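Single-structure report; data block below.
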Amino acid sequence: MNERAQPDPPSTPRVDKRELMRVVCAELGRTVAALEASSKATRDGATHEEARPENDKDTRGLEASYLARGQAKRVVETREAAARLSGLALRTFAPGAPIALSALVTVEVDGEEHRYFVVPAAGGLRVSVNGYEVQLITPESVVGRELMNKCAGDELEVLIQGRTREYLVREVD
């Protein structure tokens, strides 16, 4: 498909990317705090006296230690994502500019409007800013990879879970 159609004028007011970034960083901060609390509770449970094996088949303590290690890894990954986002330069995109990092992209998919914020980390996170839902996507994601370097008015097809969906890029901000 990949044709360039004339985009309609923006159908909604613009989302302030600085406010969007503030909301994203606050959400990641809450996520880190929750993960740290969960990790600590799991770690404490894994080392608690009641977690000691009662026999050679009892693996509760071992399983709890694996869970604690996985949760600790998620804390580190989420902190790293927050750090990468806090250092992201927010660009202003001129009309006709191609999609790149920090673009806020409005697309139409199957008749519905969606907003994506192209970022280097924390893909999949959804936040609400001034009543609008925005999903973070990375250039490595299926949709992100297809959207990179497209411009307002471009049409593209994206295969997701065996289903082809048609996207129309409405706006790049």
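Residues are named by chain letter and number: chains run A, B, ... in the order of the structure tokens, numbers start at 1 in each chain, and ligands are numbered from 1 in the order shown.
For A:Arg43, the non-local neighbours within 10 Å, defined as residues at least 5 positions apart in the same chain or in other chains and counting only C-alpha atoms, are Ala37, Ser38, His48, Gly61, Ala64, Ser65, Tyr66, Leu67, Ala68, Arg69, Gln71 and Ala72 of chain A.
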Filtering to N, CA and C atoms, could you give me those residues as a PDB file, in the first residue's frame?
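out_9.pdb, written as the output of this step:
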```pdb
ATOM      1  N   ALA A  37       8.783  -2.779  46.063  1.00  0.00           N
ATOM      2  CA  ALA A  37       8.074  -3.312  47.226  1.00  0.00           C
ATOM      3  C   ALA A  37       7.779  -4.794  47.051  1.00  0.00           C
ATOM      4  N   SER A  38       7.330  -5.169  45.858  1.00  0.00           N
ATOM      5  CA  SER A  38       7.035  -6.571  45.575  1.00  0.00           C
ATOM      6  C   SER A  38       8.300  -7.418  45.635  1.00  0.00           C
ATOM      7  N   HIS A  48      12.933 -16.249  54.489  1.00  0.00           N
ATOM      8  CA  HIS A  48      12.277 -16.456  55.775  1.00  0.00           C
ATOM      9  C   HIS A  48      12.436 -17.903  56.228  1.00  0.00           C
ATOM     10  N   GLY A  61      11.317 -22.426  48.649  1.00  0.00           N
ATOM     11  CA  GLY A  61      12.337 -21.392  48.842  1.00  0.00           C
ATOM     12  C   GLY A  61      13.091 -21.097  47.559  1.00  0.00           C
ATOM     13  N   ALA A  64      10.825 -19.179  45.225  1.00  0.00           N
ATOM     14  CA  ALA A  64      10.695 -17.795  45.679  1.00  0.00           C
ATOM     15  C   ALA A  64      11.954 -16.993  45.355  1.00  0.00           C
ATOM     16  N   SER A  65      13.122 -17.624  45.448  1.00  0.00           N
ATOM     17  CA  SER A  65      14.357 -16.903  45.122  1.00  0.00           C
ATOM     18  C   SER A  65      14.429 -16.594  43.628  1.00  0.00           C
ATOM     19  N   TYR A  66      13.951 -17.517  42.768  1.00  0.00           N
ATOM     20  CA  TYR A  66      13.905 -17.253  41.332  1.00  0.00           C
ATOM     21  C   TYR A  66      12.964 -16.082  41.039  1.00  0.00           C
ATOM     22  N   LEU A  67      11.814 -16.084  41.691  1.00  0.00           N
ATOM     23  CA  LEU A  67      10.843 -15.008  41.517  1.00  0.00           C
ATOM     24  C   LEU A  67      11.436 -13.677  41.970  1.00  0.00           C
ATOM     25  N   ALA A  68      12.098 -13.668  43.107  1.00  0.00           N
ATOM     26  CA  ALA A  68      12.720 -12.444  43.619  1.00  0.00           C
ATOM     27  C   ALA A  68      13.774 -11.933  42.641  1.00  0.00           C
ATOM     28  N   ARG A  69      14.562 -12.824  42.068  1.00  0.00           N
ATOM     29  CA  ARG A  69      15.595 -12.433  41.102  1.00  0.00           C
ATOM     30  C   ARG A  69      14.955 -11.819  39.857  1.00  0.00           C
ATOM     31  N   GLN A  71      12.017 -10.344  39.688  1.00  0.00           N
ATOM     32  CA  GLN A  71      11.453  -9.048  40.042  1.00  0.00           C
ATOM     33  C   GLN A  71      12.548  -7.993  40.171  1.00  0.00           C
ATOM     34  N   ALA A  72      13.663  -8.349  40.740  1.00  0.00           N
ATOM     35  CA  ALA A  72      14.786  -7.408  40.858  1.00  0.00           C
ATOM     36  C   ALA A  72      15.270  -6.988  39.466  1.00  0.00           C
TER      37      ALA A  72
END
```
Skip A:Glu80 itself and residues of its chain fewer than 3 positions away, then list as a list in words all residues within 12 Å of it, counting only C-alpha atoms. Cys25, Leu28, Gly29, Val32, Lys73, Arg74, Val75, Val76, Glu77, Ala83, Arg84, Leu85, Ser86, Gly87, Pro120, Ala121 and Ala122 of chain A
Just checking: using only C-alpha atoms, which residue out of A:Arg91, A:Arg79, A:Arg163, A:Arg170 ends up closest to A:Glu27? A:Arg79
Stretch 98-100 of chain A surroundings by only C-alpha atoms, 12 Å radius, close-in-sequence under 3 positions cut, as a PyMOL selection string: chain A and resi 88-95+103-107+116-120+137-139+144-154+169-173
Can those selected residues be exported to a file as a compact mmCIF listing (two decimals), in the first residue's frame so that it contains N, CA and C atoms?
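Result file follows (part_38.txt):
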```txt
# COMPACT_ATOMS: atom_id res chain seq x y z
N LEU A 88 15.58 11.88 26.75
CA LEU A 88 15.13 11.98 25.37
C LEU A 88 14.85 13.44 24.99
N ALA A 89 15.49 13.90 23.93
CA ALA A 89 15.22 15.24 23.41
C ALA A 89 13.89 15.22 22.68
N LEU A 90 13.00 16.13 23.05
CA LEU A 90 11.69 16.20 22.43
C LEU A 90 11.76 17.13 21.21
N ARG A 91 11.65 16.54 20.04
CA ARG A 91 11.74 17.30 18.80
C ARG A 91 10.39 17.87 18.40
N THR A 92 10.44 18.94 17.65
CA THR A 92 9.26 19.49 17.00
C THR A 92 9.33 19.05 15.55
N PHE A 93 8.27 18.48 15.03
CA PHE A 93 8.26 17.95 13.67
C PHE A 93 7.51 18.92 12.75
N ALA A 94 8.19 19.38 11.75
CA ALA A 94 7.60 20.28 10.75
C ALA A 94 6.64 19.48 9.87
N PRO A 95 5.67 20.16 9.23
CA PRO A 95 4.79 19.44 8.29
C PRO A 95 5.62 18.69 7.25
N ALA A 103 8.47 11.44 18.18
CA ALA A 103 7.29 11.83 17.41
C ALA A 103 6.04 11.36 18.13
N LEU A 104 5.06 12.22 18.15
CA LEU A 104 3.73 11.86 18.62
C LEU A 104 2.91 11.68 17.35
N VAL A 105 2.50 10.45 17.10
CA VAL A 105 1.91 10.08 15.82
C VAL A 105 0.43 9.73 16.02
N THR A 106 -0.41 10.36 15.22
CA THR A 106 -1.83 10.02 15.21
C THR A 106 -2.09 9.21 13.96
N VAL A 107 -2.64 8.02 14.14
CA VAL A 107 -2.94 7.15 13.01
C VAL A 107 -4.41 6.74 13.06
N TYR A 116 0.40 7.28 19.13
CA TYR A 116 1.62 6.59 19.54
C TYR A 116 2.71 7.63 19.80
N PHE A 117 3.50 7.38 20.84
CA PHE A 117 4.65 8.21 21.16
C PHE A 117 5.86 7.34 20.93
N VAL A 118 6.70 7.70 19.96
CA VAL A 118 7.85 6.88 19.57
C VAL A 118 9.02 7.20 20.50
N VAL A 119 9.42 6.20 21.29
CA VAL A 119 10.45 6.37 22.31
C VAL A 119 11.43 5.21 22.28
N PRO A 120 12.60 5.37 22.91
CA PRO A 120 13.61 4.31 22.86
C PRO A 120 13.39 3.18 23.87
N ILE A 137 5.55 3.41 21.89
CA ILE A 137 6.06 2.34 21.03
C ILE A 137 7.53 2.61 20.77
N THR A 138 8.26 1.55 20.53
CA THR A 138 9.68 1.67 20.20
C THR A 138 9.87 1.35 18.72
N PRO A 139 10.96 1.84 18.14
CA PRO A 139 11.23 1.51 16.73
C PRO A 139 11.43 0.01 16.50
N GLY A 144 6.08 0.13 15.38
CA GLY A 144 7.11 1.15 15.37
C GLY A 144 8.03 1.03 14.16
N ARG A 145 8.44 -0.19 13.87
CA ARG A 145 9.35 -0.43 12.73
C ARG A 145 8.69 0.03 11.42
N GLU A 146 7.41 -0.26 11.26
CA GLU A 146 6.70 0.11 10.04
C GLU A 146 6.44 1.60 9.94
N LEU A 147 6.24 2.26 11.10
CA LEU A 147 5.95 3.69 11.08
C LEU A 147 7.19 4.57 10.88
N MET A 148 8.35 4.07 11.29
CA MET A 148 9.57 4.89 11.19
C MET A 148 9.75 5.40 9.76
N ASN A 149 10.06 6.68 9.67
CA ASN A 149 10.32 7.38 8.40
C ASN A 149 9.10 7.58 7.53
N LYS A 150 7.91 7.24 8.01
CA LYS A 150 6.69 7.55 7.28
C LYS A 150 6.31 8.99 7.61
N CYS A 151 5.44 9.57 6.80
CA CYS A 151 5.01 10.97 6.97
C CYS A 151 3.49 11.02 7.04
N ALA A 152 2.97 12.16 7.48
CA ALA A 152 1.52 12.35 7.48
C ALA A 152 1.00 12.12 6.07
N GLY A 153 -0.08 11.36 5.97
CA GLY A 153 -0.67 11.02 4.68
C GLY A 153 -0.26 9.67 4.16
N ASP A 154 0.81 9.08 4.71
CA ASP A 154 1.24 7.75 4.26
C ASP A 154 0.26 6.69 4.74
N VAL A 169 -1.42 7.38 8.42
CA VAL A 169 -0.76 8.34 9.31
C VAL A 169 -1.47 9.68 9.14
N ARG A 170 -2.15 10.11 10.18
CA ARG A 170 -2.91 11.36 10.14
C ARG A 170 -2.03 12.56 10.48
N GLU A 171 -1.18 12.41 11.50
CA GLU A 171 -0.40 13.56 11.97
C GLU A 171 0.89 13.08 12.61
N VAL A 172 1.95 13.85 12.41
CA VAL A 172 3.23 13.61 13.05
C VAL A 172 3.60 14.91 13.75
N ASP A 173 3.70 14.85 15.07
CA ASP A 173 4.02 16.05 15.84
C ASP A 173 5.22 15.78 16.72
```
Measuring between only C-alpha atoms, which one of A:Asn130, A:Ser102, A:Gln161, A:Thr78 shows the shortest distance to A:Ala33?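 Distance minimum relative to A:Ala33 lands on A:Thr78.
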Report the distance between atom CA of A:Gly123 and atom CA of A:Gly96 in Å, rounded to one decimal place. 24.8 Å
Step one, run DSSP on the backbone; step two, keep only residues of chain A assigned to strand (DSSP E or B); then write them as a ChimeraX atom specification. /A:4,104-109,112-118,126-129,132-137,154-160,163-172
Distance query A:Tyr167 at most 7 Å, only C-alpha atoms, self and fewer than 5 positions along chain excluded, as number ranges by chain: A: 107-109, 155-157
